[in-house]
Amino acid sequence: MIMQRRRVWGLSALLVLTLLAGGGVALWKIQASATRLTIKIEGLPSEARPTVTVTGSDGFKQSVTASTTLTVPPGPVRLTPTPVKAAHATYYTPDDVLTTKLDSGRSERVTVDYRIAVADNARILNSSEPGLAEATTGKDKELLFQADSESARNLKIGDILLAAEGPKTPHGLLRRVVSRERRGDLLAVGTSRARLSEAMPKAVLRFAPTSSGASNSEPSMEPAAYRADDPSEDGEMAIRMDTWQGKGKFDKVKCGTGVPLLKLETTRPQIDLAGTDLGFNLPDVAWAQVQARVKYSAEWTFGTPHGAQCNLEVEGDTKVRLQPWTARLLRVGPFTMRPEVEWFAGIEAKASTGMKVESEAREDFTVKSRLSLLPYASASVDGWPGKYETRLAGASEGKLKGRIGLRLSMKASDPVEFFTAGFFIEAALATEGGIEPAKPEAKVEAFWEGGIGMKVEPPGQFKERQIGATFPGPKWTLWKSKDLMTPLAYATDRAVKVKSGTASPDTVASLPAGTAARQLAWSPNGKQLAWTTTATGLGQSGGRVYLADLTTGKVGSWECESCQISFAGNDLLSQWNTLDGEDAGFARYRIGDAEPSAVHLNNPEVLHQGQTDDEALNVARNYCGTGGCSTMDLYGGAPKSGDTLIGIRWNDCRTKVFRVNPQLQATALTVANTGYRSMVEPGPDGQWLMSGWNSGGCEDLGKPGQMELAESAKNGKLSTAPIPPVYQTWEACYLWYDEKKAPHAVLAPAIDDGDNIADEEPCFQQPRRTFRTLKKQGSSWEETSDTVLLRRAQGKWSAELHVGGRLTAANPEQEQQMHVSEGVHTFAWGSWAE
């Protein structure tokens with residue numbers, strides 16, 4: 001016996017050692033590359049006893065019944081929770097199997113959440129074969145079942161019938177059994193209303209991918225008015241508003257003193273909620289895990305035509321129905337979701353003059369969110385920014401913010417309406433444009449505004465709850481220019497327009513038929529634009545002075561034939577058409593006044609310094625005869641400085657020229673042969689280029705003079721150079737300097753209709769192909785083959801008006817060049833509004 005026991009002990013020991021050796025090897029393998037897997041089981045009543053089977057690499061398998069941490073080999077791991085019966089219900093996880101992959105030496109966490117509970121008295125019917133003898137609306141008080149069907153067996157009063165949408169339950173089914181009666185082969189079941197929470201204390205609605213989701217193909221722009229009818233999709237796709245030209249005004253929609261510009265054209269959005277779960281559990285908790293992909297193309301413009309400070313919101317008149325989605329009430333079956341989209345737009349403006357932002361975009365983004373009543377709600381957006389083409393226009397310092405977005409809501413059948421009634425996603429792209437004149441710099445930035453939420457209003461034991469999160473994001477720049485083209489005013493055959501940056505031009509005012517605009521001039525603060533008109537036909541009249549306030553859009557006009565105008569500071573002035581001499585001062589124009597008012601120099605005594613009273617009287621007699629006349633002319637100004645030039649007749653029958661600053665203080669500049677109809681052009685380094693008529697002194701006063709082109713330096717030193725004799729009777733139409741500071745003059749041949757000279761406008765009453773360009777080269781003016789009529793620079797930008805009326809602008813340093821317009825007569829650079 002002893003020998004036998006020893007043999008048995010020896011064999012047992014050998015077996016134990018062998019097992020230990022083998023176990024030691026297996027244990028060594030796990031320890032060498034083991035990873036820790038923490039399993040958290042939640043969502044069950046305290047008395048519940050779950051079982052979760054964990055399987056992994058190398059044949060690993062272990063069951064756990066509570067939250068724990070396991071040491072498992074690296075590689076793929078599967079967790080299979082079993083249904084759990086507890087508290088008069090059966091609990092399930094949304095997914096029958098959970099998977100994860102463990103990397104060597106790393107710890108992972110997996111939550112096994114029993115988010116679904118089916119009450120013991122719930123009878124979930126097969127929607128394909130529910131056992132019904134006839135279809136139901138889902139609200140019938142009596143249902144007829146085939147008596148021998150599986151659904152009818154063991155059906156008790158108090159049970160709750162629950163079915164997904166199917167042939168016999170097209171709207172789903174959620175009813176409580178209140179009676180039952182056998183009628184031959186049928187079972188008549190009386191029903192009453194029931195709540196989903198009674199059949200499923202915990203539930204999950206999961207969205208599946210659908211063909212109507214965001215696809216990879218780019219949607220094409222198609223106007224809503226021409227879209228083919230589709231019974232599943234209706235509603236306008238655009239907010240149709242265009243108030244920049246005064247069209248489509250909405251009642252009571254104001255932005256300052258005007259109507260805002262708000263335009264939106266979009267494709268039908270493609271939205272997919274695949275991967276989204278909506279759910280509820282305890283009586284006071286709802287939750288959501290949302291993943292919504294949105295895709296559409298849009299073109300929009302927003303702005304204010306005049307200076308304004310305003311804030312407004314506009315919503316689309318109708319909701320747009322998208323193609324239906326499918327969502328599954330887990331453990332029950334599929335339901336149809338009917339999504340609706342509502343477009344909205346808003347604008348916030350704080351600008352001293354008109355400005356606007358134009359943009360086109362192709363959007364493809366995904367909204368992700370986790371919502372609950374706990375303080376862990378979050379939301380984010382992936383896939384931004386999209387592809388943008390953006391332009392900003394404006395003649396002001398200010399900010400302009402536009403907000404264009406969509407609001408998604410859903411409708412569903414009664415059984416799952418609980419989830420969708422208060423669900424929404426609101427996604428808005430906010431674009432903000434601004435101009436900083438001091439740099440000058442302009443940019444358009446974009447950022448997210450919006451959020452996602454659920455408003456739960458269930459009856460009975462559930463309390464009303466609202467959960468949500470916003471997804472603000474960092475700003476990104478859509479468009480930026482450090483060398484923004486300042487506002488450029490120009491006059492065509494029909495209108496005066498302003499173009500800024502790369503955006504399309506805006507019309508300031510239309511021109512009366514038979515007239516042309518001349519003397520375009522900006523106020524130094526960039527808020528006003530002035531011009532005069534002249535008749536384009538011989539023997540006609542059409543002379544008026546115009547003043548436009550770009551902050552309000554108002555335009556005033558006054559009759560003034562052949563008037564010369566100029567801004568002195570921000571006041572628009574002209575000489576008087578009277579016989580009162582310089583004592584009358586200037587005519588000052590202000591919008592709203594029927595007639596101009598008088599304004600005088602602050603130091604009129606400077607005009608006749610160095611001239612006696614007798615000499616002044618003699619000048620007046622030589623120039624005007626015995627009747628007296630206006631002996632003070634106004635020539636034009638320099639927009640940058642706000643200075644203007646004036647002149648009075650002087651002793652030698654020439655003109656004494658003064659520089660007048662914005663404070664109407666005059667300073668003597670030079671003495672030249674300028675006079676009525678003379679032109680001046682500010683040049684580099686404080687120079688002025690002037691056109692005039694040299695009559696040869698007082699002895700030849702009254703005889704036809706010869707064209708003279710002169711330059712005045714900043715210190716008043718005057719220099720002249722001879723022009724070719726053939727052009728000495730011509731008239732200057734344009735004066736300008738090129739990029740090398742060389743002066744140019746464009747001349748037109750004289751015309752005579754045999755009538756009043758005031759009716760003759762050589763620069764406007766004959767084809768421009770008859771014009772000739774002279775350039776100062778050395779000590780003389782010589783004809784060139786240049787086809788440029790007018791060239792002016794502003795900062796790094798220059799604009800050129802060509803003989804055919806084509807206006808172009810370019811910034812060589814930035815390699816930017818643009819075609820502005822055709823049929824242009826004149827133009828003027830502005831400045832950013834102060």
# chains A, B, ... in the order shown; residues from 1 in each chain; ligands from 1

$ residues_around --residues "region 157-171 of chain A" --least-positions-apart "2" --cutoff "10 Å" --atoms "only C-alpha atoms" --output "ChimeraX atom specification"
/A:119-139,151,154-155,173-180,189-196,198-200,328-336,412-416

$ residues_around --residues "Asp643 (chain A)" --least-positions-apart "4" --cutoff "10 Å" --atoms "only C-alpha atoms" --output "PDB file with C-alpha atoms, in the first residue's frame"
ATOM      1  CA  PRO A 524     -11.296 113.030 -48.356  1.00  0.00           C
ATOM      2  CA  SER A 566     -13.954 120.559 -56.003  1.00  0.00           C
ATOM      3  CA  PHE A 567     -13.974 119.326 -52.430  1.00  0.00           C
ATOM      4  CA  ALA A 568     -12.428 121.634 -49.873  1.00  0.00           C
ATOM      5  CA  GLY A 569     -12.170 119.252 -46.988  1.00  0.00           C
ATOM      6  CA  GLY A 636     -10.040 120.996 -58.700  1.00  0.00           C
ATOM      7  CA  GLY A 637      -8.435 119.316 -55.767  1.00  0.00           C
ATOM      8  CA  ALA A 638      -6.148 116.625 -54.422  1.00  0.00           C
ATOM      9  CA  PRO A 639      -8.232 113.910 -52.720  1.00  0.00           C
ATOM     10  CA  ARG A 659      -3.972 126.453 -52.606  1.00  0.00           C
ATOM     11  CA  VAL A 660      -6.986 126.234 -50.256  1.00  0.00           C
ATOM     12  CA  ASN A 661      -6.855 123.735 -47.389  1.00  0.00           C
ATOM     13  CA  PRO A 662      -9.854 121.953 -45.782  1.00  0.00           C
ATOM     14  CA  GLN A 663     -10.167 124.819 -43.282  1.00  0.00           C
ATOM     15  CA  LEU A 664     -10.665 127.247 -46.205  1.00  0.00           C
ATOM     16  CA  GLN A 665      -7.343 128.947 -45.570  1.00  0.00           C
ATOM     17  CA  ALA A 666      -5.778 130.160 -48.846  1.00  0.00           C
ATOM     18  CA  PRO A 682      -2.192 116.643 -58.631  1.00  0.00           C
TER      19      PRO A 682
END

$ atom_distance --atom1 "CA of Asp506 (chain A)" --atom2 "CA of Lys399 (chain A)"
18.7 Å

$ residues_around --residues "region 423-425 of chain A" --least-positions-apart "5" --cutoff "8 Å" --atoms "only C-alpha atoms" --output "PyMOL selection string"
chain A and resi 407-410+450-455

$ write_last_selection --atoms "all heavy atoms" --output "mmCIF file, in the first residue's frame"
data_model
loop_
_atom_site.group_PDB
_atom_site.id
_atom_site.type_symbol
_atom_site.label_atom_id
_atom_site.label_comp_id
_atom_site.auth_asym_id
_atom_site.auth_seq_id
_atom_site.Cartn_x
_atom_site.Cartn_y
_atom_site.Cartn_z
ATOM 1 N N ARG A 407 -31.612 74.473 -40.311
ATOM 2 C CA ARG A 407 -32.113 73.871 -39.081
ATOM 3 C C ARG A 407 -32.821 72.572 -39.452
ATOM 4 O O ARG A 407 -33.783 72.562 -40.219
ATOM 5 C CB ARG A 407 -33.072 74.824 -38.376
ATOM 6 C CG ARG A 407 -33.564 74.343 -37.013
ATOM 7 C CD ARG A 407 -34.488 75.371 -36.384
ATOM 8 N NE ARG A 407 -33.800 76.619 -36.093
ATOM 9 C CZ ARG A 407 -34.007 77.741 -36.771
ATOM 10 N NH1 ARG A 407 -34.878 77.785 -37.776
ATOM 11 N NH2 ARG A 407 -33.351 78.849 -36.460
ATOM 12 N N LEU A 408 -32.320 71.462 -38.937
ATOM 13 C CA LEU A 408 -32.855 70.145 -39.258
ATOM 14 C C LEU A 408 -33.773 69.663 -38.145
ATOM 15 O O LEU A 408 -33.423 69.720 -36.966
ATOM 16 C CB LEU A 408 -31.715 69.139 -39.446
ATOM 17 C CG LEU A 408 -32.121 67.678 -39.589
ATOM 18 C CD1 LEU A 408 -32.824 67.429 -40.911
ATOM 19 C CD2 LEU A 408 -30.911 66.764 -39.442
ATOM 20 N N SER A 409 -34.951 69.213 -38.522
ATOM 21 C CA SER A 409 -35.868 68.581 -37.573
ATOM 22 C C SER A 409 -36.436 67.338 -38.245
ATOM 23 O O SER A 409 -36.219 67.103 -39.437
ATOM 24 C CB SER A 409 -36.982 69.542 -37.168
ATOM 25 O OG SER A 409 -37.700 69.984 -38.311
ATOM 26 N N MET A 410 -37.177 66.537 -37.481
ATOM 27 C CA MET A 410 -37.697 65.275 -38.014
ATOM 28 C C MET A 410 -39.117 65.026 -37.520
ATOM 29 O O MET A 410 -39.522 65.505 -36.464
ATOM 30 C CB MET A 410 -36.813 64.102 -37.577
ATOM 31 C CG MET A 410 -35.451 64.059 -38.211
ATOM 32 S SD MET A 410 -34.527 62.593 -37.692
ATOM 33 C CE MET A 410 -34.174 63.013 -35.983
ATOM 34 N N GLY A 450 -24.015 77.529 -33.918
ATOM 35 C CA GLY A 450 -25.096 76.547 -33.986
ATOM 36 C C GLY A 450 -25.014 75.580 -32.828
ATOM 37 O O GLY A 450 -24.259 75.756 -31.877
ATOM 38 N N GLY A 451 -25.803 74.545 -32.928
ATOM 39 C CA GLY A 451 -25.828 73.567 -31.864
ATOM 40 C C GLY A 451 -26.742 72.417 -32.204
ATOM 41 O O GLY A 451 -27.334 72.341 -33.287
ATOM 42 N N ILE A 452 -26.855 71.527 -31.253
ATOM 43 C CA ILE A 452 -27.660 70.326 -31.416
ATOM 44 C C ILE A 452 -28.370 70.060 -30.106
ATOM 45 O O ILE A 452 -27.834 70.364 -29.028
ATOM 46 C CB ILE A 452 -26.757 69.152 -31.834
ATOM 47 C CG1 ILE A 452 -27.566 67.885 -32.070
ATOM 48 C CG2 ILE A 452 -25.673 68.898 -30.801
ATOM 49 C CD1 ILE A 452 -26.741 66.797 -32.717
ATOM 50 N N GLY A 453 -29.585 69.557 -30.158
ATOM 51 C CA GLY A 453 -30.302 69.363 -28.913
ATOM 52 C C GLY A 453 -31.515 68.474 -29.051
ATOM 53 O O GLY A 453 -31.951 68.138 -30.157
ATOM 54 N N MET A 454 -32.067 68.107 -27.901
ATOM 55 C CA MET A 454 -33.300 67.332 -27.809
ATOM 56 C C MET A 454 -34.172 67.967 -26.741
ATOM 57 O O MET A 454 -33.709 68.266 -25.641
ATOM 58 C CB MET A 454 -33.024 65.869 -27.423
ATOM 59 C CG MET A 454 -32.242 65.074 -28.438
ATOM 60 S SD MET A 454 -31.870 63.418 -27.813
ATOM 61 C CE MET A 454 -33.532 62.718 -27.702
ATOM 62 N N LYS A 455 -35.409 68.178 -27.085
ATOM 63 C CA LYS A 455 -36.381 68.644 -26.116
ATOM 64 C C LYS A 455 -37.388 67.519 -25.928
ATOM 65 O O LYS A 455 -38.151 67.196 -26.826
ATOM 66 C CB LYS A 455 -37.084 69.914 -26.595
ATOM 67 C CG LYS A 455 -38.048 70.498 -25.576
ATOM 68 C CD LYS A 455 -38.675 71.770 -26.098
ATOM 69 C CE LYS A 455 -39.630 72.372 -25.071
ATOM 70 N NZ LYS A 455 -40.269 73.606 -25.587
#

$ atom_distance --atom1 "CA of Leu529 (chain A)" --atom2 "CA of Arg649 (chain A)"
29.8 Å

$ atom_distance --atom1 "CA of Val294 (chain A)" --atom2 "CA of Thr99 (chain A)"
28.5 Å

$ residues_around --residues "Cys733 (chain A)" --least-positions-apart "2" --cutoff "9 Å" --atoms "only C-alpha atoms" --output "NGL selection string"
:A and (679 or 731 or 735 or 745-748 or 762-764 or 771 or 789)

$ write_last_selection --atoms "all heavy atoms" --output "JSON list (two decimals), in the first residue's frame"
[["chain", "number", "residue", "atom", "x", "y", "z"],
["A", 679, "MET", "N", -7.90, 122.75, -66.54],
["A", 679, "MET", "CA", -7.86, 121.51, -65.79],
["A", 679, "MET", "C", -6.60, 121.49, -64.94],
["A", 679, "MET", "O", -5.56, 122.07, -65.32],
["A", 679, "MET", "CB", -7.85, 120.30, -66.73],
["A", 679, "MET", "CG", -9.09, 120.12, -67.57],
["A", 679, "MET", "SD", -9.00, 118.57, -68.48],
["A", 679, "MET", "CE", -9.09, 117.39, -67.12],
["A", 731, "GLU", "N", -8.01, 121.41, -76.93],
["A", 731, "GLU", "CA", -8.39, 121.56, -75.52],
["A", 731, "GLU", "C", -8.01, 120.30, -74.74],
["A", 731, "GLU", "O", -8.14, 119.18, -75.25],
["A", 731, "GLU", "CB", -9.90, 121.79, -75.39],
["A", 731, "GLU", "CG", -10.36, 122.00, -73.95],
["A", 731, "GLU", "CD", -11.78, 122.50, -73.86],
["A", 731, "GLU", "OE1", -12.21, 123.27, -74.77],
["A", 731, "GLU", "OE2", -12.48, 122.14, -72.89],
["A", 735, "LEU", "N", -5.45, 114.92, -67.91],
["A", 735, "LEU", "CA", -4.08, 115.14, -67.49],
["A", 735, "LEU", "C", -3.69, 114.03, -66.53],
["A", 735, "LEU", "O", -4.49, 113.66, -65.65],
["A", 735, "LEU", "CB", -3.92, 116.49, -66.80],
["A", 735, "LEU", "CG", -4.33, 117.75, -67.59],
["A", 735, "LEU", "CD1", -4.17, 118.99, -66.72],
["A", 735, "LEU", "CD2", -3.53, 117.89, -68.88],
["A", 745, "ALA", "N", -0.76, 114.63, -71.36],
["A", 745, "ALA", "CA", -1.97, 115.41, -71.61],
["A", 745, "ALA", "C", -2.68, 114.83, -72.83],
["A", 745, "ALA", "O", -2.04, 114.58, -73.86],
["A", 745, "ALA", "CB", -1.63, 116.88, -71.85],
["A", 746, "VAL", "N", -3.97, 114.58, -72.70],
["A", 746, "VAL", "CA", -4.78, 114.08, -73.80],
["A", 746, "VAL", "C", -5.63, 115.24, -74.29],
["A", 746, "VAL", "O", -6.40, 115.84, -73.53],
["A", 746, "VAL", "CB", -5.66, 112.90, -73.36],
["A", 746, "VAL", "CG1", -6.53, 112.43, -74.53],
["A", 746, "VAL", "CG2", -4.78, 111.75, -72.86],
["A", 747, "LEU", "N", -5.50, 115.58, -75.59],
["A", 747, "LEU", "CA", -6.14, 116.76, -76.14],
["A", 747, "LEU", "C", -7.21, 116.37, -77.15],
["A", 747, "LEU", "O", -7.11, 115.34, -77.83],
["A", 747, "LEU", "CB", -5.10, 117.66, -76.83],
["A", 747, "LEU", "CG", -3.84, 118.01, -76.02],
["A", 747, "LEU", "CD1", -2.96, 118.94, -76.85],
["A", 747, "LEU", "CD2", -4.21, 118.64, -74.69],
["A", 748, "ALA", "N", -8.22, 117.24, -77.28],
["A", 748, "ALA", "CA", -9.28, 117.06, -78.26],
["A", 748, "ALA", "C", -9.31, 118.29, -79.16],
["A", 748, "ALA", "O", -9.09, 119.42, -78.69],
["A", 748, "ALA", "CB", -10.63, 116.88, -77.58],
["A", 762, "PRO", "N", -15.68, 119.86, -76.36],
["A", 762, "PRO", "CA", -14.90, 119.03, -77.28],
["A", 762, "PRO", "C", -14.58, 117.64, -76.72],
["A", 762, "PRO", "O", -14.44, 116.68, -77.49],
["A", 762, "PRO", "CB", -13.61, 119.84, -77.48],
["A", 762, "PRO", "CG", -14.00, 121.25, -77.18],
["A", 762, "PRO", "CD", -15.03, 121.16, -76.10],
["A", 763, "CYS", "N", -14.44, 117.53, -75.41],
["A", 763, "CYS", "CA", -14.05, 116.24, -74.82],
["A", 763, "CYS", "C", -15.20, 115.25, -74.78],
["A", 763, "CYS", "O", -14.98, 114.06, -74.52],
["A", 763, "CYS", "CB", -13.51, 116.46, -73.41],
["A", 763, "CYS", "SG", -12.03, 117.51, -73.34],
["A", 764, "PHE", "N", -16.44, 115.72, -75.01],
["A", 764, "PHE", "CA", -17.59, 114.84, -74.88],
["A", 764, "PHE", "C", -18.46, 114.80, -76.13],
["A", 764, "PHE", "O", -19.34, 113.95, -76.24],
["A", 764, "PHE", "CB", -18.45, 115.28, -73.68],
["A", 764, "PHE", "CG", -17.75, 115.15, -72.38],
["A", 764, "PHE", "CD1", -17.04, 116.21, -71.84],
["A", 764, "PHE", "CD2", -17.76, 113.95, -71.67],
["A", 764, "PHE", "CE1", -16.38, 116.10, -70.64],
["A", 764, "PHE", "CE2", -17.10, 113.83, -70.47],
["A", 764, "PHE", "CZ", -16.40, 114.90, -69.94],
["A", 771, "PHE", "N", -8.82, 112.05, -80.43],
["A", 771, "PHE", "CA", -7.96, 112.61, -79.39],
["A", 771, "PHE", "C", -6.50, 112.27, -79.70],
["A", 771, "PHE", "O", -6.19, 111.28, -80.38],
["A", 771, "PHE", "CB", -8.32, 112.07, -78.01],
["A", 771, "PHE", "CG", -9.70, 112.46, -77.52],
["A", 771, "PHE", "CD1", -10.55, 113.24, -78.28],
["A", 771, "PHE", "CD2", -10.16, 112.02, -76.28],
["A", 771, "PHE", "CE1", -11.80, 113.60, -77.83],
["A", 771, "PHE", "CE2", -11.41, 112.37, -75.81],
["A", 771, "PHE", "CZ", -12.24, 113.16, -76.59],
["A", 789, "LEU", "N", -5.99, 107.01, -72.10],
["A", 789, "LEU", "CA", -6.55, 108.36, -71.94],
["A", 789, "LEU", "C", -6.27, 108.93, -70.56],
["A", 789, "LEU", "O", -6.07, 110.14, -70.40],
["A", 789, "LEU", "CB", -8.06, 108.33, -72.17],
["A", 789, "LEU", "CG", -8.54, 107.98, -73.58],
["A", 789, "LEU", "CD1", -10.06, 107.95, -73.62],
["A", 789, "LEU", "CD2", -8.01, 108.98, -74.59]]

$ select_by_dssp --residues "region 299-368 of chain A" --states "strand (DSSP E or B)" --output "PyMOL selection string"
chain A and resi 299-304+308-315+320-321+325-329+333-351+355-368

$ write_last_selection --atoms "C-alpha atoms" --output "PDB file, in the first residue's frame"
ATOM      1  CA  GLU A 299     -23.785  81.018 -53.194  1.00  0.00           C
ATOM      2  CA  TRP A 300     -24.599  83.943 -50.968  1.00  0.00           C
ATOM      3  CA  THR A 301     -24.193  87.677 -50.711  1.00  0.00           C
ATOM      4  CA  PHE A 302     -24.859  89.840 -47.711  1.00  0.00           C
ATOM      5  CA  GLY A 303     -24.253  93.459 -46.973  1.00  0.00           C
ATOM      6  CA  THR A 304     -25.709  96.900 -46.602  1.00  0.00           C
ATOM      7  CA  ALA A 308     -25.679 101.303 -41.217  1.00  0.00           C
ATOM      8  CA  GLN A 309     -25.692  99.658 -37.842  1.00  0.00           C
ATOM      9  CA  CYS A 310     -28.240  96.888 -37.658  1.00  0.00           C
ATOM     10  CA  ASN A 311     -28.963  93.322 -36.618  1.00  0.00           C
ATOM     11  CA  LEU A 312     -31.689  91.190 -38.186  1.00  0.00           C
ATOM     12  CA  GLU A 313     -32.693  87.590 -38.867  1.00  0.00           C
ATOM     13  CA  VAL A 314     -34.679  86.226 -41.828  1.00  0.00           C
ATOM     14  CA  GLU A 315     -36.128  82.722 -42.102  1.00  0.00           C
ATOM     15  CA  VAL A 320     -37.858  71.623 -47.227  1.00  0.00           C
ATOM     16  CA  ARG A 321     -38.701  67.947 -47.010  1.00  0.00           C
ATOM     17  CA  TRP A 325     -34.452  58.037 -43.666  1.00  0.00           C
ATOM     18  CA  THR A 326     -34.666  54.708 -41.890  1.00  0.00           C
ATOM     19  CA  ALA A 327     -34.033  54.307 -38.178  1.00  0.00           C
ATOM     20  CA  ARG A 328     -34.320  51.106 -36.164  1.00  0.00           C
ATOM     21  CA  LEU A 329     -35.845  50.939 -32.730  1.00  0.00           C
ATOM     22  CA  GLY A 333     -37.511  47.067 -36.071  1.00  0.00           C
ATOM     23  CA  PRO A 334     -37.363  49.864 -38.665  1.00  0.00           C
ATOM     24  CA  PHE A 335     -39.263  53.164 -38.711  1.00  0.00           C
ATOM     25  CA  THR A 336     -39.379  55.909 -41.327  1.00  0.00           C
ATOM     26  CA  MET A 337     -37.926  59.287 -40.386  1.00  0.00           C
ATOM     27  CA  ARG A 338     -39.126  62.305 -42.359  1.00  0.00           C
ATOM     28  CA  PRO A 339     -36.446  65.028 -42.156  1.00  0.00           C
ATOM     29  CA  GLU A 340     -37.234  68.684 -42.769  1.00  0.00           C
ATOM     30  CA  VAL A 341     -34.796  71.518 -43.356  1.00  0.00           C
ATOM     31  CA  GLU A 342     -35.435  75.191 -42.782  1.00  0.00           C
ATOM     32  CA  TRP A 343     -32.973  77.776 -44.090  1.00  0.00           C
ATOM     33  CA  PHE A 344     -32.247  80.938 -42.170  1.00  0.00           C
ATOM     34  CA  ALA A 345     -29.976  83.928 -42.626  1.00  0.00           C
ATOM     35  CA  GLY A 346     -28.971  86.929 -40.602  1.00  0.00           C
ATOM     36  CA  ILE A 347     -26.871  90.021 -40.860  1.00  0.00           C
ATOM     37  CA  GLU A 348     -25.073  92.289 -38.430  1.00  0.00           C
ATOM     38  CA  ALA A 349     -23.615  95.475 -39.849  1.00  0.00           C
ATOM     39  CA  LYS A 350     -21.579  98.270 -38.403  1.00  0.00           C
ATOM     40  CA  ALA A 351     -20.188 100.224 -41.322  1.00  0.00           C
ATOM     41  CA  MET A 355     -20.072  97.135 -48.017  1.00  0.00           C
ATOM     42  CA  LYS A 356     -20.826  93.547 -48.911  1.00  0.00           C
ATOM     43  CA  VAL A 357     -19.397  90.028 -48.917  1.00  0.00           C
ATOM     44  CA  GLU A 358     -19.929  87.600 -51.779  1.00  0.00           C
ATOM     45  CA  SER A 359     -19.073  83.928 -51.366  1.00  0.00           C
ATOM     46  CA  GLU A 360     -19.468  80.531 -52.972  1.00  0.00           C
ATOM     47  CA  ALA A 361     -18.809  77.279 -51.146  1.00  0.00           C
ATOM     48  CA  ARG A 362     -19.034  73.522 -51.402  1.00  0.00           C
ATOM     49  CA  GLU A 363     -19.661  72.168 -47.956  1.00  0.00           C
ATOM     50  CA  ASP A 364     -19.064  68.653 -46.692  1.00  0.00           C
ATOM     51  CA  PHE A 365     -18.918  68.415 -42.918  1.00  0.00           C
ATOM     52  CA  THR A 366     -19.887  66.132 -40.070  1.00  0.00           C
ATOM     53  CA  VAL A 367     -21.439  67.212 -36.793  1.00  0.00           C
ATOM     54  CA  LYS A 368     -20.549  64.963 -33.868  1.00  0.00           C
TER      55      LYS A 368
END

$ residues_around --residues "Gly830 (chain A)" --least-positions-apart "2" --cutoff "9 Å" --atoms "only C-alpha atoms" --output "list of chain:residue names"
A:Ala395, A:Thr486, A:Pro487, A:Leu488, A:Ala489, A:Ala521, A:Trp522, A:Ser523, A:Pro524, A:Asn525, A:Gly526, A:Leu529, A:Pro639, A:Lys640, A:Gln794, A:Ala828, A:Trp832, A:Ala833

$ residues_around --residues "Gln289 (chain A)" --least-positions-apart "5" --cutoff "6 Å" --atoms "only C-alpha atoms" --output "ChimeraX atom specification"
/A:276-277,369-370

$ write_last_selection --atoms "C-alpha atoms" --output "mmCIF file, in the first residue's frame"
data_model
loop_
_atom_site.group_PDB
_atom_site.id
_atom_site.type_symbol
_atom_site.label_atom_id
_atom_site.label_comp_id
_atom_site.auth_asym_id
_atom_site.auth_seq_id
_atom_site.Cartn_x
_atom_site.Cartn_y
_atom_site.Cartn_z
ATOM 1 C CA THR A 276 -26.576 58.264 -34.691
ATOM 2 C CA ASP A 277 -28.245 56.794 -31.594
ATOM 3 C CA SER A 369 -22.141 65.254 -30.453
ATOM 4 C CA ARG A 370 -22.713 63.460 -27.167
#

$ closest_residue --among "A:Gly823, A:Lys656, A:Gly542, A:Ala668" --to "Asn603 (chain A)" --atoms "only C-alpha atoms"
A:Ala668

$ closest_residue --among "A:Glu615, A:Glu800, A:Glu760, A:Glu265" --to "Ser562 (chain A)" --atoms "only C-alpha atoms"
A:Glu760

$ closest_residue --among "A:Val118, A:Ala442, A:Leu547, A:Val726" --to "Leu520 (chain A)" --atoms "only C-alpha atoms"
A:Leu547

$ closest_residue --among "A:Ile591, A:Ile565, A:Ala379, A:Leu79" --to "Gln62 (chain A)" --atoms "only C-alpha atoms"
A:Leu79

$ closest_residue --among "A:Thr667, A:Thr82, A:Ala87, A:Ser63" --to "Glu47 (chain A)" --atoms "only C-alpha atoms"
A:Ala87
